[in-house]
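A.B. asks: Have a look at this one before I ask anything.
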Number of protein chains: 4
Amino acid sequence: MPTGRLEAFSDGVIAILITIMVLDLHVPHDTTWTALRDELPVLLSYVLSFVHLGIYWNNHHHMLQATDHVTGLVLWANLHLLFWLSLVPFTTGWMGENSFARTPTQAYGVVLLAAAVAYYLLQAVIIRSQGNSSLVRRAVGGDIKGHLSPALYLLGIALSGVRNWLGAGMYVVVALIWLVPDRRIERVVSGRAEESSPS
Amino acid sequence: MPTGRLEAFSDGVIAILITIMVLDLHVPHDTTWTALRDELPVLLSYVLSFVHLGIYWNNHHHMLQATDHVTGLVLWANLHLLFWLSLVPFTTGWMGENSFARTPTQAYGVVLLAAAVAYYLLQAVIIRSQGNSSLVRRAVGGDIKGHLSPALYLLGIALSGVRNWLGAGMYVVVALIWLVPDRRIERVVSGRAEESSPS
Amino acid sequence: MPTGRLEAFSDGVIAILITIMVLDLHVPHDTTWTALRDELPVLLSYVLSFVHLGIYWNNHHHMLQATDHVTGLVLWANLHLLFWLSLVPFTTGWMGENSFARTPTQAYGVVLLAAAVAYYLLQAVIIRSQGNSSLVRRAVGGDIKGHLSPALYLLGIALSGVRNWLGAGMYVVVALIWLVPDRRIERVVSGRAEESSPS
Amino acid sequence: MPTGRLEAFSDGVIAILITIMVLDLHVPHDTTWTALRDELPVLLSYVLSFVHLGIYWNNHHHMLQATDHVTGLVLWANLHLLFWLSLVPFTTGWMGENSFARTPTQAYGVVLLAAAVAYYLLQAVIIRSQGNSSLVRRAVGGDIKGHLSPALYLLGIALSGVRNWLGAGMYVVVALIWLVPDRRIERVVSGRAEESSPS
């Protein structure tokens with residue numbers, strides 16, 4: 001099967017997730033800038049989740065760009081990833097409305113950790129379905145970021161027990177690491193384009 | 001008419017349904033793991049509905065993969081299916097917030113039963129529009145799962161009257177049966193790809 | 001410009017409108033069938049709006065199937081239609097939660113009337129941009145339904161002043177008239193397909 | 001990378017933003033036209049935001065029509081634009097529910113200003129990635145509107161401090177300026193179509 005509809009469905013789900021989080025920004029009754037400041041923790045946690053979901057969409061986009069076809073197993077591995085991402089608005093709201101309190105911040109990290117594992121599984125399933133010499137396989141290579149993120153999430157969950165902001169800080173670090181888009185895949189894909197163009 | 005826009009619209013509706021259910025997960029005011037445990041029935045019913053909607057999306061994807069064109073009747077049969085699926089978030093919330101009480105669990109089953117019947121009708125309308133020798137027709141074959149599901153939903157609705165968890169358990173069984181994607185269609189479609197490729 | 005992205009955007013908006021109406025179905029606190037019966041007026045107005053939006057999506061699909069390209073004016077005429085459709089969930093909720101009371105039922109009709117006019121304008125703008133000999137032009141022909149609907153909406157708004165259910169009944173009549181999809185366009189489009197196929 | 005999926009994702013996000021604003025229209029408990037009048041400021045601010053988002057979608061559509069491929073940086077510049085647009089429903093609700101009070105009206109302008117800057121950045125990033133002789137570059141040309149809008153938003157934010165309605169009035173002016181779609185790009189694109197067609 002071609003990848004078109006899998007991409008369209010994932011785009012739809014991520015687009016909705018990224019926007020329904022705004023519904024957690026409660027319109028203040030007061031009309032002062034101070035009233036807006038009270039929404040600041042919710043806004044900050046929204047920004048953090050927006051960037052994380054943006055990263056997932058970006059990497060998903062790059063990975064499927066290098067994928068030729070999808071199997072039934074890939075569809076389910078993708079739905080599994082979307083399931084964990086769908087819990088992000090919930091933990092974002094819990095963390096934001098409680099100003100980054102310990103337990104909600106840990107729950108936020110647990111959901112991100114599970115999403116990272118789900119993404120890793122999806123990547124593995126795609127590589128297996130494409131064969132070892134596939135573009136994705138070559139592109140992922142050492143995959144340092146992919147292995148670092150879960151470790152940092154675990155660290156964040158543990159550090160939240162010490163100081164609340166340490167956990168959230170760790171999640172920010174993961175976001176910063178990934179903000180640089182996956183140039184590896186981009187390079188390999190454009191390499192293929194050059195190969196297939198007339199010399 | 002080509003199938004593209006029907007697929008896009010269905011993708012959109014199912015993507016929205018699968019994500020707005022998360023809005024029923026109320027952010028707890030407390031910041032303890034215990035507070036999160038109170039949301040467990042809502043979370044469990046969310047997982048059950050996520051899997052069910054994922055199954056529908058998967059099977060819908062496979063079926064339309066084997067469909068060449070759509071008629072006006074197919075459009076309406078598809079909207080009819082989407083209507084019943086659109087009631088899933090409502091019954092999911094009712095069942096989850098009342099910890100799988102009898103009547104909400106039965107209402108949940110009734111909506112799933114109606115969706116199963118609507119899917120069957122859509123399949124029949126597509127087969128008729130494609131002709132008896134069509135890919136879909138060949139692919140569906142005996143369609144044991146398709147005939148088993150409505151019976152199991154009915155059993156679940158009846159058993160909810162005896163023990164609440166028996167009904168929900170039956171819906172879980174249907175989900176497990178379908179989690180194995182529809183390999184029959186996949187096989188026939190890839191068979192066609194091989195036929196049409198140069199020998 | 002090609003029609004692809006206009007269709008995708010319209011599909012997205014209509015898919016969201018058709019599903020966020022479900023959020024107006026409030027999960028009852030009670031767990032009895034009686035509690036569900038109290039939601040019946042909301043459910044009925046939901047069904048009515050679901051069918052109306054389904055009709056708009058269907059006709060929109062058919063019309064753009066016969067359209068070759070879009071201009072800037074077509075984009076805005078389309079957004080104008082989507083604006084009025086976007087008010088449907090609001091009037092649906094108002095009408096349903098007040099059991100089809102007079103003023104909400106009239107407001108519901110006013111929004112549907114405005115949407116019908118907006119659809120007519122969109123059709124006129126498309127025909128002008130495609131030229132008088134265009135497929136859409138030929139397909140629309142006498143367009144009896146298109147002229148009948150606004151009249152019936154007006155009648156419904158007026159009759160709501162006499163008896164509440166007369167107004168809602170009139171809207172149901174419009175829905176029934178349109179439930180038969182626009183076979184005229186379907187016929188002309190398939191006619192074109194035959195012309196362009198090798199004889 | 002082709003532009004298809006970037007367009008699809010942006011369409012999804014803007015379609016959702018444009019429709020979830022309707023959720024801020026609270027269904028009145030009363031069933032009189034007077035009750036509806038109380039929702040008028042919310043409805044007016046909704047119309048203003050609907051037009052603004054429609055303008056962004058329209059211009060985005062035109063710009064990507066003239067774009068051949070996207071890079072990783074373009075993806076992030078696009079997400080940055082979507083981030084600011086995603087705050088529009090929040091400030092719309094705040095401004096509308098407080099009948100265009102000073103601070104909410106200024107906050108509304110700040111978000112629109114940030115979105116305008118983000119759009120400008122996206123345009124710059126696309127032009128850089130396409131080369132100076134690109135279609136977008138030629139099409140944008142002097143870009144008077146693009147430079148005027150931020151100035152008018154700033155003026156609106158300042159004037160809100162003098163009279164509330166002056167600020168909102170300024171935002172309406174920007175909307176009116178842009179309602180005329182970007183014919184420049186349309187002209188250049190259709191010029192290309194003619195060039196590439198057989199003479």
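Ligands are numbered from 1 in the order shown, residues from 1 within each chain, and chains are lettered A, B, ... in the order they appear in the structure tokens.
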Return as an NGL selection string the full set of residues in chain A whose backbone-based DSSP assignment is helix (DSSP H, G or I).

C.D. replies: :A and (4-24 or 33-37 or 40-65 or 72-86 or 88-97 or 102-130 or 135-140 or 144-160 or 164-179 or 183-196)

A.B. asks: Write out as a list of chain:residue names which residues come within 10 Å of Leu152 in chain A when counting only C-alpha atoms, dropping same-chain ones fewer than 4 positions away.

C.D. replies: A:Gly109, A:Leu113, A:His147, A:Leu148, A:Gly156, A:Ile157, A:Ala158, A:Gly167, A:Met170, A:Tyr171, A:Val173, A:Val174

A.B. asks: Write out the residues from the selection above, keeping all heavy atoms, as a PDB file, in the first residue's frame.

C.D. replies:
ATOM      1  N   GLY A 109       6.259  13.536  31.647  1.00  0.00           N
ATOM      2  CA  GLY A 109       7.454  12.851  31.152  1.00  0.00           C
ATOM      3  C   GLY A 109       7.182  11.407  30.773  1.00  0.00           C
ATOM      4  O   GLY A 109       7.727  10.897  29.779  1.00  0.00           O
ATOM      5  N   LEU A 113       7.922   9.811  27.236  1.00  0.00           N
ATOM      6  CA  LEU A 113       8.798   8.636  27.151  1.00  0.00           C
ATOM      7  C   LEU A 113       8.123   7.526  26.339  1.00  0.00           C
ATOM      8  O   LEU A 113       8.734   6.918  25.447  1.00  0.00           O
ATOM      9  CB  LEU A 113       9.129   8.143  28.566  1.00  0.00           C
ATOM     10  CG  LEU A 113       9.976   6.878  28.671  1.00  0.00           C
ATOM     11  CD1 LEU A 113      11.331   7.084  28.033  1.00  0.00           C
ATOM     12  CD2 LEU A 113      10.141   6.469  30.140  1.00  0.00           C
ATOM     13  N   HIS A 147      18.355   7.639  20.623  1.00  0.00           N
ATOM     14  CA  HIS A 147      18.709   6.901  21.828  1.00  0.00           C
ATOM     15  C   HIS A 147      18.864   7.808  23.043  1.00  0.00           C
ATOM     16  O   HIS A 147      18.690   7.378  24.170  1.00  0.00           O
ATOM     17  CB  HIS A 147      20.017   6.124  21.604  1.00  0.00           C
ATOM     18  CG  HIS A 147      19.850   4.966  20.673  1.00  0.00           C
ATOM     19  ND1 HIS A 147      20.258   5.012  19.366  1.00  0.00           N
ATOM     20  CD2 HIS A 147      19.273   3.750  20.851  1.00  0.00           C
ATOM     21  CE1 HIS A 147      19.972   3.857  18.782  1.00  0.00           C
ATOM     22  NE2 HIS A 147      19.367   3.076  19.650  1.00  0.00           N
ATOM     23  N   LEU A 148      19.198   9.079  22.806  1.00  0.00           N
ATOM     24  CA  LEU A 148      19.428  10.011  23.904  1.00  0.00           C
ATOM     25  C   LEU A 148      18.111  10.447  24.551  1.00  0.00           C
ATOM     26  O   LEU A 148      18.022  10.563  25.789  1.00  0.00           O
ATOM     27  CB  LEU A 148      20.173  11.243  23.352  1.00  0.00           C
ATOM     28  CG  LEU A 148      20.875  12.145  24.369  1.00  0.00           C
ATOM     29  CD1 LEU A 148      21.885  11.349  25.170  1.00  0.00           C
ATOM     30  CD2 LEU A 148      21.564  13.296  23.651  1.00  0.00           C
ATOM     31  N   GLY A 156      14.562  13.240  33.440  1.00  0.00           N
ATOM     32  CA  GLY A 156      13.622  14.302  33.801  1.00  0.00           C
ATOM     33  C   GLY A 156      12.602  13.818  34.811  1.00  0.00           C
ATOM     34  O   GLY A 156      12.272  14.522  35.772  1.00  0.00           O
ATOM     35  N   ILE A 157      12.078  12.588  34.590  1.00  0.00           N
ATOM     36  CA  ILE A 157      11.089  12.038  35.519  1.00  0.00           C
ATOM     37  C   ILE A 157      11.709  11.897  36.901  1.00  0.00           C
ATOM     38  O   ILE A 157      11.089  12.233  37.926  1.00  0.00           O
ATOM     39  CB  ILE A 157      10.568  10.671  34.996  1.00  0.00           C
ATOM     40  CG1 ILE A 157       9.803  10.872  33.687  1.00  0.00           C
ATOM     41  CG2 ILE A 157       9.693   9.995  36.022  1.00  0.00           C
ATOM     42  CD1 ILE A 157       9.574   9.597  32.901  1.00  0.00           C
ATOM     43  N   ALA A 158      12.958  11.409  36.959  1.00  0.00           N
ATOM     44  CA  ALA A 158      13.632  11.235  38.247  1.00  0.00           C
ATOM     45  C   ALA A 158      13.919  12.586  38.901  1.00  0.00           C
ATOM     46  O   ALA A 158      13.660  12.780  40.102  1.00  0.00           O
ATOM     47  CB  ALA A 158      14.937  10.459  38.048  1.00  0.00           C
ATOM     48  N   GLY A 167      12.808  18.727  36.180  1.00  0.00           N
ATOM     49  CA  GLY A 167      12.167  17.804  35.235  1.00  0.00           C
ATOM     50  C   GLY A 167      11.759  18.522  33.962  1.00  0.00           C
ATOM     51  O   GLY A 167      12.130  18.119  32.846  1.00  0.00           O
ATOM     52  N   MET A 170      14.563  19.376  31.761  1.00  0.00           N
ATOM     53  CA  MET A 170      15.099  18.264  30.978  1.00  0.00           C
ATOM     54  C   MET A 170      14.287  18.069  29.693  1.00  0.00           C
ATOM     55  O   MET A 170      14.843  17.788  28.637  1.00  0.00           O
ATOM     56  CB  MET A 170      15.035  17.002  31.856  1.00  0.00           C
ATOM     57  CG  MET A 170      16.183  16.027  31.671  1.00  0.00           C
ATOM     58  SD  MET A 170      17.793  16.794  31.376  1.00  0.00           S
ATOM     59  CE  MET A 170      18.355  17.124  33.031  1.00  0.00           C
ATOM     60  N   TYR A 171      12.945  18.240  29.795  1.00  0.00           N
ATOM     61  CA  TYR A 171      12.099  18.089  28.608  1.00  0.00           C
ATOM     62  C   TYR A 171      12.417  19.205  27.602  1.00  0.00           C
ATOM     63  O   TYR A 171      12.364  18.990  26.384  1.00  0.00           O
ATOM     64  CB  TYR A 171      10.611  18.148  28.962  1.00  0.00           C
ATOM     65  CG  TYR A 171      10.201  17.222  30.076  1.00  0.00           C
ATOM     66  CD1 TYR A 171       9.145  17.540  30.933  1.00  0.00           C
ATOM     67  CD2 TYR A 171      10.872  16.010  30.300  1.00  0.00           C
ATOM     68  CE1 TYR A 171       8.765  16.691  31.962  1.00  0.00           C
ATOM     69  CE2 TYR A 171      10.498  15.166  31.340  1.00  0.00           C
ATOM     70  CZ  TYR A 171       9.446  15.517  32.166  1.00  0.00           C
ATOM     71  OH  TYR A 171       9.077  14.692  33.190  1.00  0.00           O
ATOM     72  N   VAL A 173      15.339  20.519  27.212  1.00  0.00           N
ATOM     73  CA  VAL A 173      16.597  20.123  26.579  1.00  0.00           C
ATOM     74  C   VAL A 173      16.338  19.171  25.406  1.00  0.00           C
ATOM     75  O   VAL A 173      16.893  19.344  24.314  1.00  0.00           O
ATOM     76  CB  VAL A 173      17.543  19.460  27.613  1.00  0.00           C
ATOM     77  CG1 VAL A 173      18.726  18.797  26.913  1.00  0.00           C
ATOM     78  CG2 VAL A 173      18.029  20.496  28.618  1.00  0.00           C
ATOM     79  N   VAL A 174      15.464  18.175  25.624  1.00  0.00           N
ATOM     80  CA  VAL A 174      15.142  17.238  24.540  1.00  0.00           C
ATOM     81  C   VAL A 174      14.584  18.004  23.341  1.00  0.00           C
ATOM     82  O   VAL A 174      14.974  17.764  22.188  1.00  0.00           O
ATOM     83  CB  VAL A 174      14.136  16.161  25.000  1.00  0.00           C
ATOM     84  CG1 VAL A 174      13.809  15.219  23.847  1.00  0.00           C
ATOM     85  CG2 VAL A 174      14.675  15.389  26.183  1.00  0.00           C
TER      86      VAL A 174
END

A.B. asks: Write out as an MDAnalysis selection string which residues come within 12 Å of His61 in chain D when counting only C-alpha atoms, dropping same-chain ones fewer than 5 positions away.

C.D. replies: (chainID C and resid 1:6 8:9 70:72 75) or (chainID D and resid 3:4 6:8 10:11 14 54:56 66:67 136 181:182 185:186)

A.B. asks: Using only C-alpha atoms, please write the residues we just selected to a file, as an mmCIF file, in the first residue's frame.

C.D. replies:
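Produced file result-v9.cif, reproduced below:
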data_model
loop_
_atom_site.group_PDB
_atom_site.id
_atom_site.type_symbol
_atom_site.label_atom_id
_atom_site.label_comp_id
_atom_site.auth_asym_id
_atom_site.auth_seq_id
_atom_site.Cartn_x
_atom_site.Cartn_y
_atom_site.Cartn_z
ATOM 1 C CA MET C 1 -4.890 27.085 -9.652
ATOM 2 C CA PRO C 2 -5.905 23.432 -9.246
ATOM 3 C CA THR C 3 -8.844 22.577 -6.979
ATOM 4 C CA GLY C 4 -6.992 20.148 -4.685
ATOM 5 C CA ARG C 5 -6.223 22.359 -1.738
ATOM 6 C CA LEU C 6 -9.617 24.077 -1.774
ATOM 7 C CA ALA C 8 -8.882 19.561 1.251
ATOM 8 C CA PHE C 9 -9.530 22.697 3.307
ATOM 9 C CA VAL C 70 -10.185 27.912 -9.038
ATOM 10 C CA THR C 71 -9.647 31.677 -8.948
ATOM 11 C CA GLY C 72 -9.122 34.004 -5.994
ATOM 12 C CA LEU C 75 -11.606 30.852 -2.755
ATOM 13 C CA THR D 3 5.145 20.692 -0.585
ATOM 14 C CA GLY D 4 2.113 18.381 -0.379
ATOM 15 C CA LEU D 6 3.200 20.794 4.510
ATOM 16 C CA GLU D 7 0.089 22.134 2.800
ATOM 17 C CA ALA D 8 -2.084 19.334 4.170
ATOM 18 C CA SER D 10 -1.309 23.657 7.527
ATOM 19 C CA ASP D 11 -4.784 23.203 6.030
ATOM 20 C CA ILE D 14 -6.081 26.399 10.081
ATOM 21 C CA GLY D 54 -9.157 33.014 5.862
ATOM 22 C CA ILE D 55 -6.669 35.606 4.591
ATOM 23 C CA TYR D 56 -3.748 33.655 6.000
ATOM 24 C CA ALA D 66 4.561 29.099 -6.382
ATOM 25 C CA THR D 67 6.905 26.959 -4.269
ATOM 26 C CA VAL D 136 7.670 33.604 -5.152
ATOM 27 C CA PRO D 181 -6.556 38.146 -2.835
ATOM 28 C CA ASP D 182 -2.913 38.194 -3.859
ATOM 29 C CA ILE D 185 1.198 35.699 -7.416
ATOM 30 C CA GLU D 186 -1.839 34.445 -9.331
#

A.B. asks: Quick one: which residues from chain D are at most 10 Å off chain A, using only C-alpha atoms, as a PyMOL selection string?

C.D. replies: chain D and resi 1-2+5-6+8-17+20-21+23-24+71-73+75-76+79-80+82-83+85-95+97-98+100-107

A.B. asks: Quote the C-alpha RMSD, in Å to one decimal, that results from superposing chain B on chain A by least squares across all C-alpha atoms in order.

C.D. replies: 0.0 Å

A.B. asks: Between CA of Leu53 in chain A and CA of Ile127 in chain D, measure the distance and give it in Å to one decimal.

C.D. replies: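 For CA of Leu53 in chain A relative to CA of Ile127 in chain D, the distance reads 26.2 Å.
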
A.B. asks: Looking at only C-alpha atoms, which of D:Ala77, D:Gln123, D:His60, D:Gly96 is the one that sits closest to Glu39 in chain D?

C.D. replies: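 Among D:Ala77, D:Gln123, D:His60, D:Gly96, it is D:Gly96 that comes nearest to Glu39 in chain D.
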
A.B. asks: Between CA of Val110 in chain C and CA of Ala168 in chain C, what distance in Å does the model show, to one decimal?

C.D. replies: 12.0 Å

A.B. asks: In Å to one decimal, how far is CA of Val172 in chain B from CA of Val111 in chain A?

C.D. replies: 23.4 Å

A.B. asks: With distances taken over only C-alpha atoms, which residue among D:Leu122, D:Ile144, D:Leu112, D:Val42 lies nearest Ile177 in chain D?

C.D. replies: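 Closest candidate: D:Ile144.
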